[in-house]
file query_9.cif (mmCIF, N, CA and C atoms)
data_coords
#
loop_
_atom_site.label_atom_id
_atom_site.label_comp_id
_atom_site.auth_asym_id
_atom_site.auth_seq_id
_atom_site.Cartn_x
_atom_site.Cartn_y
_atom_site.Cartn_z
N MET O 1 0.07 32.07 -24.61
CA MET O 1 0.78 32.82 -25.62
C MET O 1 1.25 34.17 -25.10
N GLU O 2 0.43 34.81 -24.29
CA GLU O 2 0.82 36.13 -23.80
C GLU O 2 2.01 36.06 -22.86
N GLY O 3 2.16 34.99 -22.14
CA GLY O 3 3.27 34.83 -21.21
C GLY O 3 4.61 34.62 -21.91
N GLU O 4 4.57 34.16 -23.12
CA GLU O 4 5.79 33.86 -23.85
C GLU O 4 6.64 35.09 -24.16
N PRO O 5 6.10 36.20 -24.68
CA PRO O 5 6.94 37.38 -24.94
C PRO O 5 7.58 37.95 -23.67
N VAL O 6 6.87 37.91 -22.56
CA VAL O 6 7.42 38.41 -21.31
C VAL O 6 8.60 37.55 -20.89
N ASP O 7 8.44 36.24 -21.03
CA ASP O 7 9.54 35.33 -20.70
C ASP O 7 10.74 35.56 -21.61
N LEU O 8 10.48 35.86 -22.89
CA LEU O 8 11.56 36.12 -23.84
C LEU O 8 12.33 37.39 -23.46
N VAL O 9 11.59 38.44 -23.13
CA VAL O 9 12.22 39.69 -22.71
C VAL O 9 13.00 39.48 -21.42
N LEU O 10 12.40 38.75 -20.50
CA LEU O 10 13.07 38.46 -19.24
C LEU O 10 14.36 37.68 -19.47
N GLU O 11 14.34 36.73 -20.40
CA GLU O 11 15.54 35.96 -20.72
C GLU O 11 16.62 36.85 -21.32
N PHE O 12 16.24 37.77 -22.20
CA PHE O 12 17.21 38.70 -22.77
C PHE O 12 17.81 39.61 -21.69
N VAL O 13 17.00 40.06 -20.77
CA VAL O 13 17.49 40.90 -19.67
C VAL O 13 18.47 40.11 -18.80
N ARG O 14 18.17 38.87 -18.54
CA ARG O 14 19.07 38.02 -17.75
C ARG O 14 20.41 37.81 -18.48
N ARG O 15 20.35 37.60 -19.79
CA ARG O 15 21.59 37.44 -20.57
C ARG O 15 22.43 38.72 -20.50
N ILE O 16 21.76 39.85 -20.67
CA ILE O 16 22.47 41.13 -20.60
C ILE O 16 23.09 41.30 -19.22
N ASP O 17 22.35 40.95 -18.19
CA ASP O 17 22.86 41.07 -16.82
C ASP O 17 24.10 40.20 -16.62
N ARG O 18 24.08 38.96 -17.13
CA ARG O 18 25.25 38.08 -17.00
C ARG O 18 26.45 38.66 -17.74
N ARG O 19 26.19 39.19 -18.93
CA ARG O 19 27.30 39.79 -19.69
C ARG O 19 27.86 41.01 -18.97
N LEU O 20 27.01 41.81 -18.39
CA LEU O 20 27.47 42.97 -17.65
C LEU O 20 28.31 42.56 -16.44
N GLU O 21 27.91 41.51 -15.77
CA GLU O 21 28.71 41.01 -14.65
C GLU O 21 30.09 40.58 -15.13
N ASN O 22 30.14 39.93 -16.29
CA ASN O 22 31.42 39.52 -16.87
C ASN O 22 32.27 40.73 -17.22
N VAL O 23 31.65 41.73 -17.83
CA VAL O 23 32.38 42.96 -18.18
C VAL O 23 32.88 43.65 -16.92
N GLU O 24 32.06 43.68 -15.89
CA GLU O 24 32.45 44.31 -14.64
C GLU O 24 33.67 43.62 -14.02
N SER O 25 33.70 42.29 -14.05
CA SER O 25 34.85 41.57 -13.49
C SER O 25 36.10 41.83 -14.33
N ILE O 26 35.94 41.95 -15.65
CA ILE O 26 37.08 42.26 -16.52
C ILE O 26 37.61 43.66 -16.22
N VAL O 27 36.72 44.61 -16.02
CA VAL O 27 37.13 45.98 -15.72
C VAL O 27 37.86 46.04 -14.38
N ILE O 28 37.37 45.34 -13.39
CA ILE O 28 38.02 45.31 -12.08
C ILE O 28 39.42 44.71 -12.20
N ASP O 29 39.54 43.62 -12.95
CA ASP O 29 40.85 42.99 -13.16
C ASP O 29 41.78 43.94 -13.91
N THR O 30 41.27 44.60 -14.92
CA THR O 30 42.08 45.53 -15.71
C THR O 30 42.56 46.70 -14.87
N ARG O 31 41.69 47.23 -14.03
CA ARG O 31 42.09 48.34 -13.15
C ARG O 31 43.18 47.90 -12.19
N SER O 32 43.06 46.70 -11.67
CA SER O 32 44.07 46.17 -10.76
C SER O 32 45.41 46.03 -11.47
N ARG O 33 45.39 45.50 -12.67
CA ARG O 33 46.63 45.33 -13.43
C ARG O 33 47.23 46.67 -13.82
N LEU O 34 46.39 47.63 -14.17
CA LEU O 34 46.88 48.97 -14.52
C LEU O 34 47.54 49.62 -13.31
N HIS O 35 46.95 49.45 -12.15
CA HIS O 35 47.54 49.99 -10.93
C HIS O 35 48.92 49.40 -10.70
N SER O 36 49.06 48.11 -10.93
CA SER O 36 50.36 47.45 -10.78
C SER O 36 51.37 48.02 -11.78
N VAL O 37 50.95 48.24 -13.01
CA VAL O 37 51.84 48.82 -14.02
C VAL O 37 52.26 50.22 -13.62
N GLU O 38 51.32 51.01 -13.12
CA GLU O 38 51.65 52.37 -12.67
C GLU O 38 52.69 52.35 -11.55
N GLU O 39 52.55 51.43 -10.62
CA GLU O 39 53.52 51.31 -9.53
C GLU O 39 54.90 50.95 -10.07
N GLN O 40 54.95 50.03 -11.03
CA GLN O 40 56.23 49.63 -11.60
C GLN O 40 56.88 50.80 -12.35
N ILE O 41 56.10 51.59 -13.06
CA ILE O 41 56.64 52.75 -13.77
C ILE O 41 57.19 53.75 -12.77
N ALA O 42 56.49 53.96 -11.68
CA ALA O 42 56.98 54.90 -10.65
C ALA O 42 58.32 54.42 -10.08
N LEU O 43 58.44 53.12 -9.85
CA LEU O 43 59.70 52.57 -9.34
C LEU O 43 60.83 52.74 -10.37
N LEU O 44 60.51 52.54 -11.64
CA LEU O 44 61.52 52.73 -12.68
C LEU O 44 61.98 54.18 -12.74
N ARG O 45 61.05 55.10 -12.60
CA ARG O 45 61.42 56.52 -12.61
C ARG O 45 62.36 56.83 -11.45
N GLN O 46 62.07 56.28 -10.29
CA GLN O 46 62.95 56.50 -9.14
C GLN O 46 64.34 55.96 -9.42
N ASP O 47 64.40 54.79 -10.05
CA ASP O 47 65.70 54.20 -10.39
C ASP O 47 66.47 55.09 -11.36
N VAL O 48 65.78 55.63 -12.34
CA VAL O 48 66.44 56.50 -13.32
C VAL O 48 66.97 57.76 -12.63
N VAL O 49 66.21 58.32 -11.71
CA VAL O 49 66.66 59.51 -10.99
C VAL O 49 67.90 59.18 -10.17
N ARG O 50 67.89 58.02 -9.50
CA ARG O 50 69.07 57.62 -8.72
C ARG O 50 70.30 57.44 -9.60
N ILE O 51 70.12 56.81 -10.74
CA ILE O 51 71.23 56.61 -11.67
C ILE O 51 71.75 57.96 -12.17
N ASP O 52 70.85 58.87 -12.46
CA ASP O 52 71.24 60.20 -12.92
C ASP O 52 72.08 60.92 -11.87
N HIS O 53 71.67 60.84 -10.61
CA HIS O 53 72.43 61.47 -9.53
C HIS O 53 73.82 60.83 -9.39
N ARG O 54 73.87 59.51 -9.50
CA ARG O 54 75.17 58.84 -9.40
C ARG O 54 76.08 59.24 -10.56
N MET O 55 75.51 59.35 -11.75
CA MET O 55 76.31 59.77 -12.90
C MET O 55 76.84 61.19 -12.70
N ASP O 56 76.03 62.06 -12.12
CA ASP O 56 76.50 63.41 -11.82
C ASP O 56 77.68 63.38 -10.86
N ARG O 57 77.58 62.54 -9.83
CA ARG O 57 78.69 62.43 -8.88
C ARG O 57 79.95 61.86 -9.55
N PHE O 58 79.77 60.86 -10.41
CA PHE O 58 80.92 60.32 -11.14
C PHE O 58 81.56 61.39 -12.02
N ASP O 59 80.73 62.20 -12.64
CA ASP O 59 81.24 63.28 -13.48
C ASP O 59 82.05 64.27 -12.65
N GLU O 60 81.55 64.61 -11.48
CA GLU O 60 82.28 65.53 -10.59
C GLU O 60 83.62 64.92 -10.16
N HIS O 61 83.60 63.63 -9.83
CA HIS O 61 84.85 62.97 -9.43
C HIS O 61 85.83 62.93 -10.60
N LEU O 62 85.35 62.65 -11.77
CA LEU O 62 86.22 62.59 -12.94
C LEU O 62 86.82 63.96 -13.24
N GLN O 63 86.04 65.01 -13.13
CA GLN O 63 86.56 66.36 -13.36
C GLN O 63 87.64 66.70 -12.34
N ARG O 64 87.41 66.31 -11.10
CA ARG O 64 88.41 66.57 -10.06
C ARG O 64 89.72 65.81 -10.35
N ILE O 65 89.59 64.58 -10.78
CA ILE O 65 90.78 63.78 -11.12
C ILE O 65 91.51 64.42 -12.30
N GLU O 66 90.76 64.82 -13.30
CA GLU O 66 91.38 65.46 -14.47
C GLU O 66 92.11 66.74 -14.09
N ARG O 67 91.53 67.52 -13.20
CA ARG O 67 92.19 68.75 -12.75
C ARG O 67 93.49 68.43 -12.01
N ARG O 68 93.46 67.42 -11.15
CA ARG O 68 94.65 67.05 -10.38
C ARG O 68 95.77 66.54 -11.28
N LEU O 69 95.39 65.85 -12.35
CA LEU O 69 96.39 65.30 -13.25
C LEU O 69 96.72 66.26 -14.39
N ASP O 70 96.16 67.44 -14.35
CA ASP O 70 96.34 68.43 -15.42
C ASP O 70 95.96 67.87 -16.78
N LEU O 71 94.84 67.19 -16.84
CA LEU O 71 94.37 66.62 -18.12
C LEU O 71 93.32 67.49 -18.79
N ILE O 72 92.92 68.54 -18.14
CA ILE O 72 91.88 69.41 -18.68
C ILE O 72 92.53 70.42 -19.63
N GLU O 73 91.96 70.52 -20.82
CA GLU O 73 92.45 71.50 -21.79
C GLU O 73 91.91 72.87 -21.44
N VAL O 74 92.76 73.87 -21.57
CA VAL O 74 92.36 75.22 -21.23
C VAL O 74 91.97 75.98 -22.46
#
call {"tool": "encode", "arguments": {"input": "query_9.cif", "output": "structure tokens"}}
result
Amino acid sequence: MEGEPVDLVLEFVRRIDRRLENVESIVIDTRSRLHSVEEQIALLRQDVVRIDHRMDRFDEHLQRIERRLDLIEV
């Protein structure tokens, strides 16, 4: 009879340990996926910056064309 409570506690500790291992694997997977999302966001930001620079250049070209054609209102 005395051995039974110890075995019960030991079984609960083993269950907790298995659950913690499962949680740990989920956390590792989540961190990996989050890292991937962060990389994708960084790439998107770079793309937006590139597009912004190109739009600035287009604007400069358009202003130059408008000046040459006397389309700018004074």
call {"tool": "axis_aligned_box", "arguments": {"input": "query_9.cif", "around": "stretch 7-11 of chain O", "padding_each_side": "6 Å", "output": "JSON"}}
result
{"center_x": 12.5, "center_y": 37.5, "center_z": -21.5, "size_x": 20.2, "size_y": 16.4, "size_z": 16.6}
call {"tool": "atom_distance", "arguments": {"input": "query_9.cif", "atom1": "atom C of O:Glu4", "atom2": "atom C of O:Arg18"}}
result
21.1 Å
call {"tool": "atom_distance", "arguments": {"input": "query_9.cif", "atom1": "atom C of O:Glu24", "atom2": "atom C of O:Ile41"}}
result
25.6 Å
call {"tool": "atom_distance", "arguments": {"input": "query_9.cif", "atom1": "atom C of O:Ile72", "atom2": "atom C of O:Glu60"}}
result
14.1 Å
